[in-house]
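Here is entry-v1.cif, consisting of mmCIF, C-alpha atoms:
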data_input
loop_
_atom_site.label_atom_id
_atom_site.label_comp_id
_atom_site.auth_asym_id
_atom_site.auth_seq_id
_atom_site.Cartn_x
_atom_site.Cartn_y
_atom_site.Cartn_z
CA MET A 1 21.63 10.91 2.54
CA THR A 2 23.71 8.28 0.79
CA GLY A 3 22.80 5.39 -1.44
CA MET A 4 19.44 4.65 -3.01
CA LEU A 5 16.24 3.38 -1.49
CA LYS A 6 15.60 0.22 -3.47
CA ILE A 7 12.08 -0.75 -4.52
CA ARG A 8 11.30 -4.39 -5.24
CA LYS A 9 7.89 -5.66 -6.41
CA ILE A 10 6.60 -9.18 -5.82
CA ILE A 11 3.15 -10.11 -7.14
CA THR A 12 1.26 -12.15 -4.53
CA GLY A 13 -2.07 -13.67 -3.67
CA PRO A 14 -5.44 -14.29 -5.33
CA PHE A 15 -5.84 -10.68 -6.55
CA MET A 16 -2.24 -10.29 -7.78
CA THR A 17 -1.34 -7.71 -5.16
CA ASN A 18 1.86 -5.75 -5.63
CA THR A 19 3.85 -6.52 -2.50
CA ILE A 20 6.60 -3.92 -2.26
CA ILE A 21 9.88 -4.30 -0.38
CA LEU A 22 11.60 -0.98 0.36
CA SER A 23 15.23 -1.43 1.41
CA SER A 24 18.35 0.55 2.27
CA LYS A 25 21.61 -0.60 3.84
CA GLY A 26 20.19 -4.03 4.67
CA SER A 27 17.07 -2.73 6.42
CA CYS A 28 13.65 -3.10 4.83
CA VAL A 29 9.91 -2.76 5.24
CA VAL A 30 7.34 -4.97 3.52
CA VAL A 31 4.27 -3.23 2.13
CA ASP A 32 1.01 -5.10 1.42
CA PRO A 33 1.94 -8.79 1.82
CA GLY A 34 -0.94 -10.22 -0.20
CA GLY A 35 -0.22 -13.89 0.45
CA GLU A 36 2.29 -16.40 -0.91
CA GLN A 37 4.53 -15.41 1.97
CA LYS A 38 7.23 -17.90 0.93
CA LYS A 39 7.90 -15.79 -2.17
CA ILE A 40 8.32 -12.74 0.05
CA ILE A 41 10.51 -14.50 2.61
CA ASP A 42 12.69 -16.05 -0.09
CA ASP A 43 13.32 -12.61 -1.58
CA ILE A 44 14.15 -11.11 1.82
CA GLU A 45 16.55 -13.94 2.65
CA MET A 46 18.19 -13.95 -0.79
CA ASN A 47 19.00 -10.25 -0.41
CA GLY A 48 20.01 -10.44 3.25
CA PHE A 49 17.45 -7.86 4.32
CA LYS A 50 16.46 -7.30 7.94
CA PRO A 51 12.76 -6.35 8.10
CA LYS A 52 11.73 -3.71 10.61
CA ALA A 53 7.99 -3.49 9.86
CA ILE A 54 5.10 -4.64 7.71
CA ILE A 55 2.84 -1.88 6.38
CA ALA A 56 -0.69 -2.25 5.01
CA THR A 57 -1.91 0.52 2.71
CA HIS A 58 -5.43 -0.41 3.80
CA GLY A 59 -7.39 -3.15 5.52
CA HIS A 60 -8.68 -5.28 2.65
CA PHE A 61 -7.68 -8.92 3.01
CA ASP A 62 -5.69 -9.06 -0.23
CA HIS A 63 -3.16 -6.63 1.29
CA VAL A 64 -2.61 -8.44 4.60
CA LEU A 65 -2.95 -12.17 3.87
CA GLY A 66 0.76 -12.87 4.42
CA ALA A 67 1.28 -10.55 7.39
CA SER A 68 0.96 -13.02 10.26
CA GLN A 69 3.41 -15.48 8.70
CA LEU A 70 5.96 -12.71 8.15
CA GLN A 71 5.53 -11.72 11.79
CA GLU A 72 6.23 -15.26 12.92
CA LYS A 73 9.46 -15.24 10.91
CA TYR A 74 10.76 -11.75 11.72
CA ASN A 75 8.93 -10.57 14.87
CA VAL A 76 7.98 -7.18 13.45
CA PRO A 77 4.78 -5.14 13.82
CA LEU A 78 2.07 -4.66 11.24
CA ILE A 79 1.36 -0.94 10.81
CA ILE A 80 -2.10 0.11 9.61
CA HIS A 81 -4.26 3.21 9.87
CA ASP A 82 -6.53 3.05 12.89
CA LYS A 83 -9.68 3.48 10.77
CA ASP A 84 -8.94 0.24 8.89
CA GLU A 85 -7.99 -2.01 11.79
CA ASP A 86 -11.52 -3.39 12.22
CA MET A 87 -11.79 -4.04 8.48
CA MET A 88 -8.57 -6.05 8.61
CA ARG A 89 -9.82 -8.02 11.61
CA ASN A 90 -12.86 -9.04 9.54
CA SER A 91 -10.74 -10.26 6.61
CA GLY A 92 -12.00 -13.82 6.93
CA THR A 93 -15.60 -12.72 6.38
CA MET A 94 -14.62 -10.53 3.42
CA MET A 95 -12.66 -13.39 1.86
CA ASN A 96 -15.74 -15.59 2.01
CA SER A 97 -17.87 -12.87 0.40
CA PHE A 98 -15.43 -12.75 -2.52
CA GLY A 99 -15.41 -16.55 -2.83
CA ILE A 100 -11.78 -16.89 -1.69
CA SER A 101 -11.08 -20.13 0.16
CA GLY A 102 -8.64 -20.47 3.04
CA ASN A 103 -8.23 -19.09 6.53
CA PHE A 104 -7.06 -15.67 7.61
CA THR A 105 -4.73 -15.50 10.60
CA LEU A 106 -4.83 -12.14 12.34
CA PRO A 107 -1.40 -10.59 12.94
CA SER A 108 -0.42 -10.70 16.61
CA ARG A 109 1.38 -7.33 16.71
CA ILE A 110 -0.67 -4.47 15.30
CA GLU A 111 0.37 -0.83 15.49
CA THR A 112 -2.09 1.84 14.38
CA PHE A 113 -1.68 5.51 13.59
CA SER A 114 -3.67 8.43 12.22
CA GLY A 115 -2.60 11.47 10.24
CA LYS A 116 1.03 10.90 9.35
CA MET A 117 3.83 8.57 10.43
CA ASP A 118 7.50 8.64 9.40
CA ILE A 119 9.70 5.54 9.26
CA ALA A 120 13.46 5.39 8.73
CA ILE A 121 14.89 2.70 6.43
CA GLY A 122 18.66 2.75 6.44
CA ASP A 123 19.68 6.20 5.21
CA HIS A 124 16.19 7.08 4.05
CA GLU A 125 12.85 8.08 5.49
CA ILE A 126 9.39 7.31 4.18
CA SER A 127 6.18 9.04 5.16
CA LEU A 128 2.85 7.26 5.70
CA ASN A 129 0.01 9.67 4.89
CA GLU A 130 -3.70 9.07 5.25
CA THR A 131 -5.49 9.23 1.90
CA PRO A 132 -9.06 8.06 2.56
CA GLY A 133 -11.49 7.17 -0.18
CA HIS A 134 -10.91 3.59 -1.30
CA THR A 135 -11.36 2.85 2.39
CA TYR A 136 -11.59 5.31 5.26
CA GLY A 137 -8.17 4.23 6.50
CA SER A 138 -6.31 4.06 3.19
CA ILE A 139 -2.79 5.46 3.17
CA CYS A 140 -0.14 6.30 0.60
CA ILE A 141 3.58 6.01 1.28
CA MET A 142 5.77 8.85 0.09
CA GLY A 143 9.51 8.66 -0.52
CA ASP A 144 12.08 10.58 -2.50
CA GLY A 145 10.51 10.86 -5.97
CA PHE A 146 7.93 8.09 -5.56
CA ILE A 147 4.57 7.25 -3.99
CA LEU A 148 3.19 3.82 -3.13
CA THR A 149 -0.46 4.55 -3.81
CA GLY A 150 -2.06 1.31 -2.64
CA ASP A 151 -5.54 1.08 -4.15
CA THR A 152 -6.07 4.86 -4.26
CA LEU A 153 -4.50 5.55 -7.66
CA PHE A 154 -3.74 3.02 -10.41
CA ARG A 155 -2.26 3.31 -13.86
CA LEU A 156 -5.20 4.75 -15.87
CA SER A 157 -7.67 4.18 -13.04
CA VAL A 158 -8.52 4.86 -9.40
CA GLY A 159 -9.72 2.78 -6.48
CA ARG A 160 -13.31 1.63 -6.08
CA VAL A 161 -15.31 3.03 -3.18
CA ASP A 162 -18.08 0.44 -2.80
CA VAL A 163 -16.21 -1.82 -0.35
CA GLY A 164 -15.79 0.42 2.65
CA GLY A 165 -14.96 3.74 0.99
CA ASN A 166 -16.31 7.16 0.05
CA GLU A 167 -16.18 8.97 -3.30
CA GLU A 168 -15.90 12.50 -1.88
CA GLU A 169 -12.94 11.47 0.28
CA LEU A 170 -11.30 9.74 -2.69
CA VAL A 171 -11.53 12.94 -4.77
CA LYS A 172 -9.81 14.90 -1.99
CA SER A 173 -7.06 12.31 -1.69
CA LEU A 174 -6.48 12.18 -5.44
CA LYS A 175 -6.21 15.97 -5.58
CA PHE A 176 -3.53 15.71 -2.90
CA LEU A 177 -1.60 13.09 -4.88
CA LEU A 178 -1.90 15.02 -8.14
CA SER A 179 -0.30 18.04 -6.47
CA PHE A 180 3.08 16.27 -6.32
CA PRO A 181 5.70 16.88 -9.05
CA GLU A 182 4.71 15.31 -12.37
CA SER A 183 7.92 13.28 -12.41
CA THR A 184 6.83 11.39 -9.27
CA LYS A 185 6.81 7.64 -9.88
CA ILE A 186 3.67 5.76 -8.89
CA TYR A 187 3.67 2.20 -7.51
CA PRO A 188 0.03 1.05 -7.12
CA GLY A 189 -1.32 -1.88 -5.14
CA HIS A 190 -2.18 -3.77 -8.33
CA GLY A 191 -1.03 -3.51 -11.93
CA GLU A 192 1.81 -1.64 -13.54
CA MET A 193 3.75 1.33 -12.22
CA SER A 194 3.26 4.80 -13.68
CA ASP A 195 4.11 8.43 -13.03
CA LEU A 196 1.96 11.46 -12.31
CA ARG A 197 2.58 13.12 -15.66
CA PHE A 198 1.24 10.05 -17.49
CA GLU A 199 -1.83 9.94 -15.24
CA ILE A 200 -2.55 13.67 -15.60
CA LEU A 201 -2.44 13.32 -19.39
CA ASN A 202 -4.17 9.95 -19.79
CA ASN A 203 -6.16 8.93 -16.72
CA VAL A 204 -9.75 10.09 -17.30
CA PHE A 205 -10.46 10.23 -13.57
CA ALA A 206 -7.38 12.34 -12.93
CA LYS A 207 -8.33 14.67 -15.78
CA ASN A 208 -11.87 15.03 -14.40
CA ILE A 209 -10.53 15.89 -10.97
CA MET A 210 -8.17 18.48 -12.41
CA SER A 211 -10.91 20.10 -14.53
CA LYS A 212 -14.17 19.44 -12.67
CA ASN A 213 -13.14 18.45 -9.14
CA SER A 214 -15.04 15.17 -9.51
CA LEU A 215 -14.40 11.66 -10.77
CA TYR A 216 -17.04 11.77 -13.50
#
When written as structure tokens, how does the structure in this file appear?
Amino acid sequence: MTGMLKIRKIITGPFMTNTIILSSKGSCVVVDPGGEQKKIIDDIEMNGFKPKAIIATHGHFDHVLGASQLQEKYNVPLIIHDKDEDMMRNSGTMMNSFGISGNFTLPSRIETFSGKMDIAIGDHEISLNETPGHTYGSICIMGDGFILTGDTLFRLSVGRVDVGGNEEELVKSLKFLLSFPESTKIYPGHGEMSDLRFEILNNVFAKNIMSKNSLY
């Protein structure tokens, strides 16, 4: 393996979603396009990237708002766990329930998976792993020394479970994430990046899971 997999963060949409662009040797994938697709496209074009896929860490609308427009521009599939496809399809209804104005356009090319899926980006490979809890189809994306945790694990917090999720499943998924090396960098779906050592020492939910196998 040569070169580095580059990680770029662009904050997008009404809930300040961390849209992540993973790139290597001119190829890239776009993770969680939360809206403001012009910002994403401008960054892709400025860097001369060639997108090969869009990936949603879960089906909540604030992680897929810009997907259809990116598809129109680059003709690439949206990849999402099969348990969250229906949730994504109902994004317009969920937007209304959160008081967010505007229309949701469903992506035209949707590819689903379950379990695990590997994707090559240039010289590198990333792994999409199901980590249910925040939603039943939530995933985390693992690479060399980093994890894109979506809304499963945040800096000093964890994902909520009251909008299509399950607390018991979240605990299992967090235990899985906390088993990675402490030096692993964490890129969540919202907020600042972190690493597992910081979370193990400072995140009360992580500490509870490590000591009591529960969030509380």
- Which protein, DNA or RNA residues have an atom at most 7 Å from (-12.7, -17.3, 9.7), counting all atoms listed in the file? List them as number ranges by chain. A: 92-93, 103-104
Can you write out the residues you just picked, keeping C-alpha atoms, as a tab-separated table (two decimals), in the coordinates of the input?
chain	number	residue	atom	x	y	z
A	92	GLY	CA	-12.00	-13.82	6.93
A	93	THR	CA	-15.60	-12.72	6.38
A	103	ASN	CA	-8.23	-19.09	6.53
A	104	PHE	CA	-7.06	-15.67	7.61
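Closest approach to A:Val29 among A:Gln71, A:Ser91, A:Thr12, A:Asn166 is made by A:Gln71 (distances from all atoms listed in the file).
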- Item | Spatial neighbours of A:Val163, max dist 12 Å, only C-alpha atoms, sep filter under 3 positions, as an MDAnalysis selection string | chainID A and resid 58:61 84 87 94 97:98 133:136 151 159:160 166:167
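Going from atom CA of A:Phe49 over to atom CA of A:Lys73, you cover 12.7 Å.
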- Query: Quick one: distance from atom CA of A:Ile209 to atom CA of A:Thr152 in Å, one decimal?
  - Reply: 13.7 Å
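Within 9 Å of the file-frame point (-2.5, -0.8, 13.8), and using all atoms listed in the file, the polymer residues found are A:Pro77, A:Leu78, A:Ile79, A:Ile80, A:His81, A:Asp82, A:Lys83, A:Asp84, A:Glu85, A:Arg109, A:Ile110, A:Glu111, A:Thr112, A:Phe113.
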Restricting it to C-alpha atoms, dump the selection as a PDB file, in the coordinates of the input.
ATOM      1  CA  PRO A  77       4.780  -5.140  13.820  1.00  0.00           C
ATOM      2  CA  LEU A  78       2.070  -4.660  11.240  1.00  0.00           C
ATOM      3  CA  ILE A  79       1.360  -0.940  10.810  1.00  0.00           C
ATOM      4  CA  ILE A  80      -2.100   0.110   9.610  1.00  0.00           C
ATOM      5  CA  HIS A  81      -4.260   3.210   9.870  1.00  0.00           C
ATOM      6  CA  ASP A  82      -6.530   3.050  12.890  1.00  0.00           C
ATOM      7  CA  LYS A  83      -9.680   3.480  10.770  1.00  0.00           C
ATOM      8  CA  ASP A  84      -8.940   0.240   8.890  1.00  0.00           C
ATOM      9  CA  GLU A  85      -7.990  -2.010  11.790  1.00  0.00           C
ATOM     10  CA  ARG A 109       1.380  -7.330  16.710  1.00  0.00           C
ATOM     11  CA  ILE A 110      -0.670  -4.470  15.300  1.00  0.00           C
ATOM     12  CA  GLU A 111       0.370  -0.830  15.490  1.00  0.00           C
ATOM     13  CA  THR A 112      -2.090   1.840  14.380  1.00  0.00           C
ATOM     14  CA  PHE A 113      -1.680   5.510  13.590  1.00  0.00           C
TER      15      PHE A 113
END
- Message: Here's the selection I'm unsure about, the PyMOL selection byres ((chain A and resi 179-192) around 6); applied to the file above, which residues does it give, as a ChimeraX atom specification?
- Response: /A:17-18,145-151,154,176-178,193-197
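Residue nearest A:Pro51 within the list A:Ser23, A:Thr131, A:Gln37, A:Asn208: A:Ser23 [criterion: smallest interatomic distance, only C-alpha atoms].
Here the PyMOL selection byres ((chain A and resi 126) around 9) matches the residues A:Met117, A:Asp118, A:Ile119, A:Ala120, A:Ile121, A:His124, A:Glu125, A:Ser127, A:Leu128, A:Ile141, A:Met142, A:Gly143, A:Asp144.
Going from atom CA of A:Thr19 over to atom CA of A:Ala67, you cover 11.0 Å.
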- Item | Explicit residue set for the PyMOL selection byres ((chain A and resi 24-28) around 10), as number ranges by chain | A: 2-7, 21-23, 29-31, 44, 47-54, 120-125
- For A:Val64, the nearest of the candidates A:Ile100, A:Ala206, A:Met88, A:Val76, counting only C-alpha atoms: A:Met88
For stretch 63-85 of chain A, supply N, CA and C atoms and report the output as a short mmCIF file (atom, residue, chain, number, x, y, z; two decimals), keeping the file's coordinate frame.
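Wrote it out as selection.cif, contents follow:
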data_model
loop_
_atom_site.label_atom_id
_atom_site.label_comp_id
_atom_site.auth_asym_id
_atom_site.auth_seq_id
_atom_site.Cartn_x
_atom_site.Cartn_y
_atom_site.Cartn_z
N HIS A 63 -4.38 -7.40 0.98
CA HIS A 63 -3.16 -6.63 1.29
C HIS A 63 -2.53 -7.04 2.62
N VAL A 64 -3.13 -8.02 3.29
CA VAL A 64 -2.61 -8.44 4.60
C VAL A 64 -2.55 -9.96 4.77
N LEU A 65 -2.85 -10.72 3.72
CA LEU A 65 -2.95 -12.17 3.87
C LEU A 65 -1.65 -12.81 4.37
N GLY A 66 -0.50 -12.27 4.01
CA GLY A 66 0.76 -12.87 4.42
C GLY A 66 1.37 -12.25 5.66
N ALA A 67 0.67 -11.32 6.30
CA ALA A 67 1.28 -10.55 7.39
C ALA A 67 1.62 -11.40 8.60
N SER A 68 0.71 -12.26 9.03
CA SER A 68 0.96 -13.02 10.26
C SER A 68 2.14 -13.98 10.11
N GLN A 69 2.30 -14.57 8.92
CA GLN A 69 3.41 -15.48 8.70
C GLN A 69 4.75 -14.74 8.67
N LEU A 70 4.75 -13.52 8.12
CA LEU A 70 5.96 -12.71 8.15
C LEU A 70 6.31 -12.32 9.58
N GLN A 71 5.29 -12.04 10.38
CA GLN A 71 5.53 -11.72 11.79
C GLN A 71 6.17 -12.89 12.53
N GLU A 72 5.67 -14.08 12.27
CA GLU A 72 6.23 -15.26 12.92
C GLU A 72 7.71 -15.43 12.59
N LYS A 73 8.08 -15.08 11.36
CA LYS A 73 9.46 -15.24 10.91
C LYS A 73 10.37 -14.13 11.44
N TYR A 74 9.88 -12.89 11.46
CA TYR A 74 10.76 -11.75 11.72
C TYR A 74 10.42 -10.94 12.97
N ASN A 75 9.32 -11.25 13.63
CA ASN A 75 8.93 -10.57 14.87
C ASN A 75 8.90 -9.05 14.70
N VAL A 76 8.13 -8.61 13.72
CA VAL A 76 7.98 -7.18 13.45
C VAL A 76 6.51 -6.81 13.50
N PRO A 77 6.19 -5.54 13.74
CA PRO A 77 4.78 -5.14 13.82
C PRO A 77 4.16 -4.95 12.45
N LEU A 78 2.84 -5.09 12.40
CA LEU A 78 2.07 -4.66 11.24
C LEU A 78 1.53 -3.27 11.54
N ILE A 79 1.81 -2.32 10.65
CA ILE A 79 1.36 -0.94 10.81
C ILE A 79 0.20 -0.69 9.86
N ILE A 80 -0.90 -0.16 10.41
CA ILE A 80 -2.10 0.11 9.61
C ILE A 80 -2.80 1.32 10.21
N HIS A 81 -3.50 2.08 9.38
CA HIS A 81 -4.26 3.21 9.87
C HIS A 81 -5.35 2.74 10.83
N ASP A 82 -5.60 3.53 11.87
CA ASP A 82 -6.53 3.05 12.89
C ASP A 82 -7.96 2.89 12.37
N LYS A 83 -8.33 3.61 11.31
CA LYS A 83 -9.68 3.48 10.77
C LYS A 83 -9.88 2.19 9.97
N ASP A 84 -8.81 1.48 9.65
CA ASP A 84 -8.94 0.24 8.89
C ASP A 84 -8.61 -1.01 9.71
N GLU A 85 -8.33 -0.85 10.98
CA GLU A 85 -7.99 -2.01 11.79
C GLU A 85 -9.15 -2.99 11.87
#
